[in-house]
file final-v6.csv (CSV, C-alpha atoms)
chain,number,residue,atom,x,y,z
A,21,MET,CA,0.0,0.0,0.0
A,22,ARG,CA,2.8,2.3,0.9
A,23,ALA,CA,4.5,1.7,-2.5
A,24,LEU,CA,1.2,2.6,-4.3
A,25,ARG,CA,1.0,5.9,-2.4
A,26,THR,CA,4.6,6.7,-3.3
A,27,MET,CA,4.0,6.0,-7.0
A,28,ASN,CA,0.9,8.1,-7.0
A,29,ALA,CA,2.7,11.0,-5.3
A,30,ALA,CA,5.5,10.8,-7.8
A,31,LYS,CA,3.0,10.8,-10.7
A,32,ARG,CA,1.2,13.9,-9.3
A,33,ARG,CA,4.5,15.7,-8.8
A,34,LEU,CA,5.6,15.1,-12.4
A,35,LEU,CA,2.2,16.0,-13.8
A,36,SER,CA,2.0,19.3,-11.9
A,37,ALA,CA,5.5,20.4,-12.9
A,38,THR,CA,6.2,23.5,-15.0
A,39,PRO,CA,8.0,23.2,-18.4
A,40,THR,CA,11.3,24.3,-16.8
A,41,GLN,CA,10.9,21.7,-14.1
A,42,MET,CA,10.1,19.1,-16.7
A,43,ILE,CA,13.4,19.8,-18.4
A,44,HIS,CA,15.1,19.5,-15.1
A,45,HIS,CA,13.4,16.2,-14.3
A,46,GLN,CA,13.5,14.9,-17.9
A,47,HIS,CA,15.9,12.1,-17.0
A,48,THR,CA,14.1,10.8,-13.9
A,49,PRO,CA,11.8,7.8,-14.2
A,50,TYR,CA,8.1,8.5,-14.7
A,51,LEU,CA,7.2,6.4,-11.6
A,52,MET,CA,9.3,6.0,-8.6
A,53,ALA,CA,8.7,3.3,-5.9
A,54,ALA,CA,10.0,2.5,-2.5
A,55,ARG,CA,10.1,-0.9,-0.8
A,56,HIS,CA,9.6,-1.6,2.8
A,57,LEU,CA,12.3,-3.8,4.4
A,58,ASP,CA,12.1,-5.8,7.6
A,59,VAL,CA,15.4,-6.4,9.3
A,60,LYS,CA,15.7,-9.4,11.6
A,61,VAL,CA,18.5,-9.9,14.0
A,62,VAL,CA,19.5,-13.6,14.2
A,63,SER,CA,22.2,-15.1,16.4
A,64,ALA,CA,25.0,-17.2,14.8
A,65,LYS,CA,23.7,-20.3,16.6
A,66,ASP,CA,20.1,-19.8,15.3
A,67,ASN,CA,21.5,-19.1,11.8
A,68,ALA,CA,23.6,-22.3,11.9
A,69,GLN,CA,20.6,-24.3,13.1
A,70,HIS,CA,18.4,-22.8,10.4
A,71,THR,CA,21.0,-23.7,7.7
A,72,LYS,CA,21.3,-27.3,9.0
A,73,GLN,CA,17.5,-27.6,8.9
A,74,LEU,CA,17.4,-26.3,5.3
A,75,GLU,CA,20.1,-28.8,4.3
A,76,ALA,CA,18.3,-31.7,5.9
A,77,ASP,CA,15.0,-30.8,4.1
A,78,ARG,CA,16.6,-30.3,0.7
A,79,PRO,CA,15.9,-33.2,-1.6
A,80,ILE,CA,18.6,-35.0,-3.6
A,81,SER,CA,18.6,-33.8,-7.1
A,82,PRO,CA,17.9,-36.4,-9.8
A,83,HIS,CA,19.9,-34.5,-12.3
A,84,PHE,CA,21.6,-37.5,-14.0
A,85,THR,CA,18.2,-39.2,-14.6
A,86,ILE,CA,16.3,-36.2,-15.9
A,87,TYR,CA,18.9,-34.2,-17.6
A,88,LYS,CA,19.2,-34.7,-21.4
A,89,TRP,CA,22.9,-34.7,-22.2
A,90,PRO,CA,23.7,-32.7,-25.3
A,91,PHE,CA,25.3,-34.7,-28.1
A,92,ALA,CA,28.1,-32.2,-28.5
A,93,GLY,CA,28.9,-32.5,-24.7
A,94,LEU,CA,29.0,-36.3,-25.0
A,95,ALA,CA,31.3,-36.0,-28.0
A,96,SER,CA,33.6,-33.7,-26.1
A,97,GLY,CA,33.7,-36.0,-23.1
A,98,THR,CA,34.4,-38.9,-25.4
A,99,GLN,CA,37.2,-37.0,-27.0
A,100,ARG,CA,38.8,-36.4,-23.6
A,101,VAL,CA,38.4,-40.0,-22.4
A,102,THR,CA,39.8,-41.4,-25.6
A,103,GLY,CA,42.7,-39.0,-25.5
A,104,PHE,CA,43.4,-39.9,-21.9
A,105,ALA,CA,43.2,-43.6,-22.7
A,106,LEU,CA,45.7,-43.2,-25.6
A,107,VAL,CA,48.1,-41.2,-23.3
A,108,LEU,CA,47.8,-43.8,-20.6
A,109,GLY,CA,48.5,-46.7,-22.9
A,110,TRP,CA,51.5,-45.1,-24.6
A,111,THR,CA,52.9,-43.9,-21.3
A,112,THR,CA,52.6,-47.5,-19.9
A,113,ALA,CA,54.3,-49.0,-23.0
A,114,GLY,CA,57.0,-46.4,-22.8
A,115,LEU,CA,57.6,-46.9,-19.0
A,116,LEU,CA,57.7,-50.7,-19.5
A,117,SER,CA,60.4,-50.3,-22.2
A,118,LEU,CA,62.8,-48.0,-20.4
A,119,PRO,CA,66.5,-48.8,-20.8
A,120,GLY,CA,67.1,-49.9,-17.2
A,121,LEU,CA,64.4,-52.6,-17.3
A,122,PRO,CA,65.0,-56.1,-18.7
A,123,ILE,CA,64.1,-56.3,-22.4
A,124,THR,CA,61.4,-59.0,-21.7
A,125,VAL,CA,59.2,-56.8,-19.5
A,126,LEU,CA,57.0,-55.3,-22.2
A,127,PRO,CA,56.5,-58.6,-24.2
A,128,ILE,CA,55.6,-60.4,-21.0
A,129,PHE,CA,53.1,-57.6,-20.1
A,130,ILE,CA,51.5,-57.9,-23.6
A,131,GLU,CA,51.4,-61.7,-23.4
A,132,GLY,CA,49.8,-61.4,-20.0
A,133,ILE,CA,47.0,-59.3,-21.5
A,134,LYS,CA,46.6,-61.7,-24.3
A,135,SER,CA,46.3,-64.7,-22.0
A,136,VAL,CA,42.9,-63.4,-20.6
A,137,PRO,CA,40.5,-63.2,-23.6
A,138,PHE,CA,38.1,-60.7,-22.0
A,139,ILE,CA,40.8,-58.3,-21.1
A,140,HIS,CA,42.5,-58.8,-24.5
A,141,ALA,CA,39.3,-58.0,-26.3
A,142,LEU,CA,38.6,-55.0,-24.1
A,143,VAL,CA,42.1,-53.5,-24.5
A,144,LYS,CA,42.2,-54.2,-28.2
A,145,GLY,CA,38.7,-52.7,-28.8
A,146,GLY,CA,39.4,-49.7,-26.5
A,147,VAL,CA,42.7,-48.9,-28.2
A,148,ALA,CA,41.1,-49.3,-31.7
A,149,PHE,CA,38.1,-47.2,-30.8
A,150,SER,CA,40.2,-44.5,-29.2
A,151,PHE,CA,42.5,-44.3,-32.3
A,152,GLY,CA,39.5,-44.3,-34.6
A,153,TYR,CA,37.4,-41.8,-32.7
A,154,HIS,CA,40.2,-39.5,-31.7
A,155,GLY,CA,41.8,-39.5,-35.2
A,156,THR,CA,38.5,-39.1,-37.1
A,157,LYS,CA,37.3,-36.2,-34.9
A,158,ASN,CA,40.7,-34.5,-35.1
A,159,LEU,CA,40.5,-35.0,-38.9
A,160,PHE,CA,37.1,-33.3,-39.2
A,161,MET,CA,37.0,-30.6,-36.5
A,162,PRO,CA,39.7,-28.3,-38.0
A,163,ARG,CA,38.1,-28.6,-41.5
A,164,LEU,CA,34.6,-27.4,-40.4
A,165,PRO,CA,33.3,-24.4,-42.3
A,166,ARG,CA,31.7,-23.0,-39.2
A,167,LEU,CA,32.0,-24.0,-35.6
A,168,ASP,CA,28.3,-24.3,-34.7
A,169,VAL,CA,26.3,-27.0,-33.0
A,170,GLU,CA,25.2,-28.7,-36.3
A,171,SER,CA,28.7,-28.9,-37.6
A,172,VAL,CA,30.0,-30.3,-34.3
A,173,HIS,CA,27.2,-32.9,-34.3
A,174,LYS,CA,28.2,-33.9,-37.9
A,175,ALA,CA,31.9,-34.2,-36.9
A,176,ALA,CA,31.0,-36.2,-33.8
A,177,THR,CA,28.8,-38.6,-35.8
A,178,TYR,CA,31.7,-39.2,-38.3
A,179,ALA,CA,34.0,-39.8,-35.3
A,180,ILE,CA,31.7,-42.3,-33.8
A,181,ILE,CA,31.4,-44.1,-37.1
A,182,GLY,CA,35.2,-44.0,-37.5
A,183,GLY,CA,35.9,-45.3,-34.0
A,184,THR,CA,33.3,-48.1,-34.3
A,185,LEU,CA,34.8,-49.2,-37.7
A,186,CYS,CA,38.3,-49.3,-36.3
A,187,MET,CA,37.1,-51.2,-33.2
A,188,GLY,CA,35.2,-53.7,-35.4
A,189,ILE,CA,38.2,-54.2,-37.7
A,190,ALA,CA,40.6,-54.6,-34.8
A,191,VAL,CA,38.4,-57.0,-32.7
A,192,PHE,CA,37.0,-59.2,-35.5
A,193,VAL,CA,39.7,-59.1,-38.2
A,194,LEU,CA,43.0,-58.7,-36.4
call {"tool": "encode", "arguments": {"input": "final-v6.csv", "output": "structure tokens"}}
result
Amino acid sequence: MRALRTMNAAKRRLLSATPTQMIHHQHTPYLMAARHLDVKVVSAKDNAQHTKQLEADRPISPHFTIYKWPFAGLASGTQRVTGFALVLGWTTAGLLSLPGLPITVLPIFIEGIKSVPFIHALVKGGVAFSFGYHGTKNLFMPRLPRLDVESVHKAATYAIIGGTLCMGIAVFVL
């Protein structure tokens, strides 16, 4: 109610002003309003108790189940994961073939992976998909005419196709 009275008073004042006063008040807003504020004094103990109560009553967000992940975001995440997998694999191979180690360490490690068929297929498919996906996406992304969502979706689609083809060839042919 007080805000309405304030706005009406500002309106009456602007309507009853002379032309010279109107020039002076030309840059002021037509209606002005004020807001009534109530200030509460709360002790630190009460504030902490209120905060704990709010946290206890807050529901857990189901953001992973209701959020629709954008395709470009999934493609970016896959690019990072495949890049990390390639770095991890090459670093492991490099560390296992350091000059101070016996020459048989890397071949024994590779034969150990080959001796368990599930792990062998997983490693072979993962490396092939990582090479195919990472390489295909790095082939198409710099050559995009425009970097917009549709172009990124097209490059990601080609990358998934390339990664899947490389994985299929590696697992079933090699």
call {"tool": "residues_around", "arguments": {"input": "final-v6.csv", "residues": "range 159-171 of chain A", "least_positions_apart": "5", "cutoff": "12 Å", "atoms": "all atoms listed in the file", "output": "number ranges by chain"}}
result
A: 90-93, 95-96, 99, 151-154, 176-180, 182
call {"tool": "atom_distance", "arguments": {"input": "final-v6.csv", "atom1": "CA of Thr26 in chain A", "atom2": "CA of Val61 in chain A"}}
result
27.7 Å
call {"tool": "atom_distance", "arguments": {"input": "final-v6.csv", "atom1": "CA of Val143 in chain A", "atom2": "CA of Leu108 in chain A"}}
result
11.9 Å
call {"tool": "atom_distance", "arguments": {"input": "final-v6.csv", "atom1": "CA of Thr156 in chain A", "atom2": "CA of His173 in chain A"}}
result
13.2 Å
call {"tool": "closest_residue", "arguments": {"input": "final-v6.csv", "among": "A:Asn28, A:Thr184, A:Gln73, A:Ser150", "to": "Leu106 in chain A", "atoms": "all atoms listed in the file"}}
result
A:Ser150
call {"tool": "closest_residue", "arguments": {"input": "final-v6.csv", "among": "A:Tyr87, A:Trp110, A:Phe149, A:Phe129", "to": "Gly183 in chain A", "atoms": "all atoms listed in the file"}}
result
A:Phe149
call {"tool": "residues_around", "arguments": {"input": "final-v6.csv", "residues": "Ala148 in chain A", "least_positions_apart": "5", "cutoff": "8 Å", "atoms": "all atoms listed in the file", "output": "PDB file with C-alpha atoms, in the coordinates of the input"}}
result
ATOM      1  CA  GLY A 183      35.900 -45.300 -34.000  1.00  0.00           C
ATOM      2  CA  CYS A 186      38.300 -49.300 -36.300  1.00  0.00           C
ATOM      3  CA  MET A 187      37.100 -51.200 -33.200  1.00  0.00           C
ATOM      4  CA  ALA A 190      40.600 -54.600 -34.800  1.00  0.00           C
TER       5      ALA A 190
END
